[in-house]
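What follows is the content of input.cif, which has mmCIF, C-alpha atoms:
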data_coords
loop_
_atom_site.label_atom_id
_atom_site.label_comp_id
_atom_site.auth_asym_id
_atom_site.auth_seq_id
_atom_site.Cartn_x
_atom_site.Cartn_y
_atom_site.Cartn_z
CA MET A 1 0.00 0.00 0.00
CA ARG A 2 1.52 3.31 -1.02
CA ALA A 3 0.34 6.85 -1.45
CA GLN A 4 0.16 8.18 -4.99
CA TRP A 5 0.07 11.68 -6.35
CA ASN A 6 0.59 13.24 -9.75
CA ILE A 7 2.48 16.44 -10.54
CA PRO A 8 2.58 16.85 -14.34
CA THR A 9 5.92 18.16 -15.53
CA ASN A 10 5.75 18.66 -19.31
CA LEU A 11 4.58 21.98 -20.73
CA PRO A 12 5.90 23.37 -24.04
CA ASP A 13 8.39 26.21 -23.66
CA ARG A 14 7.57 29.53 -25.38
CA ALA A 15 11.06 30.91 -25.87
CA HIS A 16 10.44 34.19 -27.68
CA LYS A 17 8.47 37.08 -26.20
CA GLY A 18 6.68 37.78 -29.48
CA ALA A 19 5.57 34.19 -29.88
CA ARG A 20 4.55 34.06 -26.24
CA ALA A 21 2.46 37.22 -26.60
CA GLY A 22 0.66 35.80 -29.64
CA TYR A 23 0.10 32.53 -27.85
CA SER A 24 -1.38 34.36 -24.86
CA VAL A 25 -3.82 36.27 -27.06
CA ARG A 26 -4.99 33.09 -28.78
CA MET A 27 -5.23 31.18 -25.51
CA SER A 28 -7.05 33.85 -23.47
CA PRO A 29 -10.65 32.77 -24.31
CA ALA A 30 -9.87 29.10 -23.69
CA LEU A 31 -7.94 29.90 -20.52
CA GLU A 32 -10.79 32.08 -19.30
CA THR A 33 -13.16 29.14 -19.70
CA VAL A 34 -10.82 26.76 -17.87
CA LEU A 35 -10.30 29.20 -15.00
CA ALA A 36 -14.03 29.84 -14.70
CA LYS A 37 -14.84 26.12 -14.62
CA ALA A 38 -12.19 25.65 -11.95
CA GLY A 39 -13.75 28.43 -9.87
CA LEU A 40 -10.58 30.53 -9.89
CA GLN A 41 -11.38 34.23 -9.53
CA VAL A 42 -8.51 35.44 -11.69
CA THR A 43 -8.11 36.70 -15.26
CA PRO A 44 -5.86 34.86 -17.76
CA SER A 45 -3.39 37.74 -17.55
CA GLU A 46 -3.32 37.60 -13.75
CA PHE A 47 -2.94 33.82 -13.84
CA LEU A 48 0.03 34.03 -16.21
CA THR A 49 1.54 36.70 -13.97
CA LEU A 50 1.24 34.29 -11.04
CA VAL A 51 3.01 31.66 -13.10
CA GLU A 52 5.77 34.11 -13.97
CA GLU A 53 6.18 35.13 -10.32
CA ALA A 54 6.36 31.52 -9.23
CA ALA A 55 8.86 30.74 -11.98
CA LYS A 56 11.14 33.59 -10.86
CA ARG A 57 10.91 32.48 -7.24
CA LEU A 58 11.37 28.77 -7.90
CA ALA A 59 13.76 28.78 -10.83
CA PRO A 60 17.03 30.62 -10.11
CA PRO A 61 19.59 31.01 -12.94
CA HIS A 62 21.20 27.64 -12.19
CA PRO A 63 18.58 25.78 -10.16
CA GLU A 64 19.29 22.70 -8.09
CA PRO A 65 15.71 21.62 -7.23
CA ALA A 66 16.92 18.71 -5.11
CA SER A 67 18.56 21.11 -2.66
CA TYR A 68 15.14 22.31 -1.46
CA PHE A 69 14.24 18.88 -0.03
CA THR A 70 15.59 16.48 2.58
CA PRO A 71 17.14 13.20 1.36
CA ASP A 72 13.97 11.28 2.29
CA GLN A 73 11.76 13.78 0.46
CA ARG A 74 14.03 13.66 -2.60
CA GLU A 75 13.77 9.87 -2.71
CA VAL A 76 9.97 9.91 -2.52
CA LEU A 77 9.50 12.73 -5.04
CA THR A 78 11.90 11.12 -7.49
CA GLU A 79 10.13 7.79 -7.09
CA VAL A 80 6.80 9.28 -8.20
CA GLY A 81 8.36 10.80 -11.29
CA LEU A 82 9.34 14.35 -10.35
CA ASP A 83 12.62 15.32 -12.00
CA LEU A 84 14.74 17.08 -9.37
CA GLY A 85 17.85 17.29 -11.51
CA PRO A 86 19.37 20.70 -12.32
CA LEU A 87 18.15 22.51 -15.43
CA THR A 88 20.59 22.17 -18.30
CA ALA A 89 20.89 23.64 -21.77
CA ALA A 90 19.76 20.27 -23.13
CA ASP A 91 16.39 20.52 -21.42
CA ALA A 92 13.94 21.28 -24.24
CA GLN A 93 10.87 21.50 -21.99
CA PRO A 94 11.30 23.21 -18.60
CA ARG A 95 9.27 21.80 -15.73
CA ALA A 96 6.63 24.50 -16.06
CA ARG A 97 3.64 22.34 -15.15
CA THR A 98 4.84 22.08 -11.57
CA VAL A 99 5.15 25.87 -11.50
CA VAL A 100 1.60 26.17 -12.85
CA ALA A 101 0.38 23.71 -10.21
CA LEU A 102 1.98 25.86 -7.53
CA ALA A 103 0.40 28.99 -9.01
CA VAL A 104 -3.04 27.36 -9.01
CA LEU A 105 -2.54 26.11 -5.44
CA ARG A 106 -1.56 29.61 -4.33
CA ASP A 107 -4.35 31.41 -6.17
CA SER A 108 -7.11 29.03 -5.09
CA ALA A 109 -6.02 29.14 -1.45
CA LEU A 110 -8.13 31.07 1.05
CA THR A 111 -7.02 33.89 3.32
CA VAL A 112 -7.78 33.63 7.03
CA ALA A 113 -10.70 36.03 6.56
CA GLU A 114 -12.09 34.01 3.64
CA ALA A 115 -11.78 30.75 5.56
CA ALA A 116 -13.50 32.30 8.57
CA HIS A 117 -16.34 33.52 6.37
CA GLN A 118 -16.74 30.12 4.74
CA LEU A 119 -16.75 28.27 8.08
CA GLN A 120 -18.83 31.02 9.71
CA VAL A 121 -16.41 31.48 12.60
CA ASP A 122 -14.17 34.25 13.88
CA THR A 123 -10.72 34.67 12.33
CA SER A 124 -9.14 33.85 15.69
CA ARG A 125 -10.64 30.35 15.45
CA ILE A 126 -9.00 29.83 12.08
CA ARG A 127 -5.60 30.87 13.43
CA HIS A 128 -6.12 28.58 16.43
CA ARG A 129 -6.92 25.62 14.17
CA LEU A 130 -3.81 26.36 12.12
CA GLY A 131 -1.74 26.47 15.29
CA VAL A 132 -2.92 23.09 16.56
CA GLY A 133 -2.86 21.35 13.18
CA ARG A 134 -6.61 21.13 12.62
CA LEU A 135 -6.19 23.11 9.38
CA VAL A 136 -3.19 23.25 7.08
CA GLY A 137 -1.70 26.35 5.50
CA TRP A 138 1.47 28.26 4.74
CA LYS A 139 2.72 31.81 5.16
CA ASP A 140 2.78 33.97 2.03
CA LYS A 141 4.29 37.43 2.53
CA GLY A 142 3.51 37.20 6.23
CA SER A 143 -0.11 36.12 5.83
CA TRP A 144 -1.64 32.69 6.12
CA ARG A 145 -2.96 30.93 3.01
CA LEU A 146 -5.14 27.84 3.37
CA PRO A 147 -5.42 25.38 0.44
CA ALA A 148 -8.99 24.97 -0.79
CA TRP A 149 -9.02 21.16 -0.92
CA GLN A 150 -9.56 20.93 2.85
CA PHE A 151 -12.90 22.78 2.75
CA ALA A 152 -16.34 21.47 1.82
CA GLY A 153 -19.32 23.82 1.75
CA THR A 154 -19.56 25.68 5.06
CA GLY A 155 -17.38 23.15 6.84
CA VAL A 156 -14.11 21.31 6.52
CA LEU A 157 -13.57 18.02 4.76
CA PRO A 158 -15.02 15.15 6.85
CA GLY A 159 -12.26 13.39 8.77
CA LEU A 160 -9.76 16.18 8.03
CA GLU A 161 -8.29 16.26 11.53
CA THR A 162 -7.68 12.51 11.49
CA VAL A 163 -5.81 12.80 8.20
CA LEU A 164 -3.77 15.89 9.09
CA ALA A 165 -2.64 14.29 12.34
CA THR A 166 -0.61 11.76 10.32
CA VAL A 167 0.96 14.15 7.77
CA ALA A 168 4.53 15.15 8.57
CA GLN A 169 4.80 18.90 9.15
CA ASP A 170 7.70 19.22 6.71
CA GLN A 171 5.70 17.94 3.73
CA PRO A 172 5.39 20.59 0.97
CA ALA A 173 1.87 21.95 0.48
CA LEU A 174 1.93 20.92 -3.19
CA VAL A 175 2.72 17.31 -2.31
CA VAL A 176 -0.13 17.12 0.21
CA ALA A 177 -2.58 18.80 -2.18
CA ALA A 178 -1.56 16.50 -5.03
CA PHE A 179 -2.01 13.44 -2.81
CA MET A 180 -5.47 14.54 -1.69
CA THR A 181 -6.61 15.03 -5.29
CA THR A 182 -5.00 11.95 -6.88
CA ALA A 183 -6.94 8.67 -7.17
CA GLN A 184 -5.55 5.99 -4.84
CA GLU A 185 -5.68 2.30 -5.68
CA ASP A 186 -6.44 1.51 -2.03
CA LEU A 187 -9.50 3.78 -1.92
CA LEU A 188 -12.22 2.14 -3.96
CA VAL A 189 -15.74 3.45 -4.46
CA ASP A 190 -17.93 1.07 -6.46
CA GLY A 191 -14.75 -0.71 -7.49
CA THR A 192 -13.12 2.44 -8.87
CA PRO A 193 -10.06 4.13 -7.34
CA THR A 194 -10.98 7.55 -5.97
CA THR A 195 -9.14 10.52 -4.52
CA PRO A 196 -8.77 10.91 -0.75
CA ARG A 197 -10.93 14.05 -0.92
CA GLU A 198 -13.71 12.26 -2.80
CA TRP A 199 -13.42 9.27 -0.45
CA LEU A 200 -13.96 11.45 2.59
CA LEU A 201 -16.81 13.38 0.98
CA ALA A 202 -18.49 10.03 0.24
CA GLY A 203 -18.34 9.09 3.93
CA GLY A 204 -15.33 6.80 3.71
CA ASP A 205 -13.30 5.88 6.78
CA PRO A 206 -10.78 8.71 7.33
CA ARG A 207 -8.36 6.23 8.90
CA ARG A 208 -7.84 4.68 5.48
CA VAL A 209 -6.74 8.05 4.12
CA ALA A 210 -4.70 8.76 7.25
CA ASP A 211 -2.73 5.53 6.75
CA LEU A 212 -1.80 6.61 3.23
CA ALA A 213 -1.11 10.23 4.21
CA GLY A 214 1.24 9.04 6.93
CA MET A 215 3.43 7.49 4.24
CA LEU A 216 4.12 10.80 2.48
CA GLY A 217 7.82 11.46 2.74
CA THR A 218 8.55 7.93 3.88
CA PRO A 219 10.89 5.89 1.66
CA VAL A 220 9.23 2.73 0.34
#
Could you write out this file's structure as structure tokens?
Amino acid sequence: MRAQWNIPTNLPDRAHKGARAGYSVRMSPALETVLAKAGLQVTPSEFLTLVEEAAKRLAPPHPEPASYFTPDQREVLTEVGLDLGPLTAADAQPRARTVVALAVLRDSALTVAEAAHQLQVDTSRIRHRLGVGRLVGWKDKGSWRLPAWQFAGTGVLPGLETVLATVAQDQPALVVAAFMTTAQEDLLVDGTPTTPREWLLAGGDPRRVADLAGMLGTPV
């Protein structure tokens, strides 16, 4: 039994500014539709700006992605297919999909005020839950951001606390989010593998998800 998650890593590179500008113009209507369907309150231009910001932050001139993770994390991430090798001149397709995934994760995340409004509680309760591990989030420019996958309607995902209690605190937010939204062979609904989020929403035993979540970052 092992946890699975997918972080796509192949997105065509647009090397020239002119070509990229033309591509953006052609893609705007389609991208608008995709963003709207995903419920992301952001324009195509703003979304691409987020991607650019993330790329600048995550891709220094001579990046060594592996250096951002512990040896155990590197082993697990490499095992599931994430290329942590340094970018070289021979790389025809930069790992832009991971950057896009990070941008989406960041943009779809809730602020403390938004989370409080959704859960119909005071902001102090949200900060308290973050402090004791009953909600997960990260600091962005000094302010908390809470990934959207852990919310459901006016409440949190059923069994969330049970799951979060088993996730190592040093696991990257993208890894946890990808796990929660990737179908797991050990979580079957009507004989079909389902994501941990869907499993919990369907009333599945949270301990099953917790067992898998506890393996994140653990060499197999």
Name the residues in contact with Ala152 (chain A) at a cut-off of 12 Å, using only C-alpha atoms, excluding same-chain residues fewer than 3 positions from it; report them as a PDB file with C-alpha atoms, in the coordinates of the input.
ATOM      1  CA  ALA A 115     -11.780  30.750   5.560  1.00  0.00           C
ATOM      2  CA  GLN A 118     -16.740  30.120   4.740  1.00  0.00           C
ATOM      3  CA  LEU A 119     -16.750  28.270   8.080  1.00  0.00           C
ATOM      4  CA  PRO A 147      -5.420  25.380   0.440  1.00  0.00           C
ATOM      5  CA  ALA A 148      -8.990  24.970  -0.790  1.00  0.00           C
ATOM      6  CA  TRP A 149      -9.020  21.160  -0.920  1.00  0.00           C
ATOM      7  CA  GLY A 155     -17.380  23.150   6.840  1.00  0.00           C
ATOM      8  CA  VAL A 156     -14.110  21.310   6.520  1.00  0.00           C
ATOM      9  CA  LEU A 157     -13.570  18.020   4.760  1.00  0.00           C
ATOM     10  CA  PRO A 158     -15.020  15.150   6.850  1.00  0.00           C
ATOM     11  CA  GLY A 159     -12.260  13.390   8.770  1.00  0.00           C
ATOM     12  CA  LEU A 160      -9.760  16.180   8.030  1.00  0.00           C
ATOM     13  CA  ARG A 197     -10.930  14.050  -0.920  1.00  0.00           C
ATOM     14  CA  GLU A 198     -13.710  12.260  -2.800  1.00  0.00           C
ATOM     15  CA  LEU A 200     -13.960  11.450   2.590  1.00  0.00           C
ATOM     16  CA  LEU A 201     -16.810  13.380   0.980  1.00  0.00           C
ATOM     17  CA  ALA A 202     -18.490  10.030   0.240  1.00  0.00           C
TER      18      ALA A 202
END
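Minimum atom-to-atom distance to Gly214 (chain A), evaluated using all atoms listed in the file, belongs to A:Ala168 out of A:Pro193, A:Ala168, A:Phe179, A:Trp199.
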Between A:Val175, A:Ala103, A:Gln150, A:Thr123, which is the closest to Leu135 (chain A) once you count only C-alpha atoms? A:Gln150
Apply the PyMOL selection byres ((chain A and resi 42) around 12) to the structure shown and report the selected residues as a PDB file with C-alpha atoms, keeping the file's coordinate frame.
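So the final result, stored in expr_34.pdb, reads:
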ATOM      1  CA  SER A  28      -7.050  33.850 -23.470  1.00  0.00           C
ATOM      2  CA  LEU A  31      -7.940  29.900 -20.520  1.00  0.00           C
ATOM      3  CA  GLU A  32     -10.790  32.080 -19.300  1.00  0.00           C
ATOM      4  CA  THR A  33     -13.160  29.140 -19.700  1.00  0.00           C
ATOM      5  CA  VAL A  34     -10.820  26.760 -17.870  1.00  0.00           C
ATOM      6  CA  LEU A  35     -10.300  29.200 -15.000  1.00  0.00           C
ATOM      7  CA  ALA A  36     -14.030  29.840 -14.700  1.00  0.00           C
ATOM      8  CA  LYS A  37     -14.840  26.120 -14.620  1.00  0.00           C
ATOM      9  CA  ALA A  38     -12.190  25.650 -11.950  1.00  0.00           C
ATOM     10  CA  GLY A  39     -13.750  28.430  -9.870  1.00  0.00           C
ATOM     11  CA  LEU A  40     -10.580  30.530  -9.890  1.00  0.00           C
ATOM     12  CA  GLN A  41     -11.380  34.230  -9.530  1.00  0.00           C
ATOM     13  CA  THR A  43      -8.110  36.700 -15.260  1.00  0.00           C
ATOM     14  CA  PRO A  44      -5.860  34.860 -17.760  1.00  0.00           C
ATOM     15  CA  SER A  45      -3.390  37.740 -17.550  1.00  0.00           C
ATOM     16  CA  GLU A  46      -3.320  37.600 -13.750  1.00  0.00           C
ATOM     17  CA  PHE A  47      -2.940  33.820 -13.840  1.00  0.00           C
ATOM     18  CA  LEU A  48       0.030  34.030 -16.210  1.00  0.00           C
ATOM     19  CA  THR A  49       1.540  36.700 -13.970  1.00  0.00           C
ATOM     20  CA  LEU A  50       1.240  34.290 -11.040  1.00  0.00           C
ATOM     21  CA  ALA A 103       0.400  28.990  -9.010  1.00  0.00           C
ATOM     22  CA  VAL A 104      -3.040  27.360  -9.010  1.00  0.00           C
ATOM     23  CA  ARG A 106      -1.560  29.610  -4.330  1.00  0.00           C
ATOM     24  CA  ASP A 107      -4.350  31.410  -6.170  1.00  0.00           C
ATOM     25  CA  SER A 108      -7.110  29.030  -5.090  1.00  0.00           C
TER      26      SER A 108
END
Any chance you could resolve the PyMOL selection byres ((chain A and resi 173) around 10) against this file and give the residues as an MDAnalysis selection string? chainID A and resid 102 105:106 136:138 146:147 169:172 174:179
Assuming 8 Å of padding per side, give the centre and edge lengths of the axis-aligned box around every listed atom of region 149-158 of chain A, in Å to one decimal and as lines of an AutoDock Vina configuration file.
center_x = -14.3
center_y = 20.4
center_z = 3.0
size_x = 26.5
size_y = 26.5
size_z = 23.8
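For the atom pair formed by CA of Val112 (chain A) and CA of Phe151 (chain A), the distance is 12.7 Å, given to one decimal.
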Between CA of Leu216 (chain A) and CA of Pro71 (chain A) - distance in Å to one decimal: 13.3 Å
Let me know the residues the PyMOL selection byres ((chain A and resi 189) around 12) catches in the file above, as a PyMOL selection string. chain A and resi 183-188+190-196+198-205
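Rounded to one decimal, CA of Asp122 (chain A) and CA of Asp140 (chain A) lie 20.7 Å from each other.
Residues in contact range of Gly133 (chain A), defined as at most 10 Å between only C-alpha atoms, with sequence neighbours fewer than 5 positions away removed, read Arg127, His128, Glu161, Leu164, Ala165, Val167 and Gln169 of chain A.
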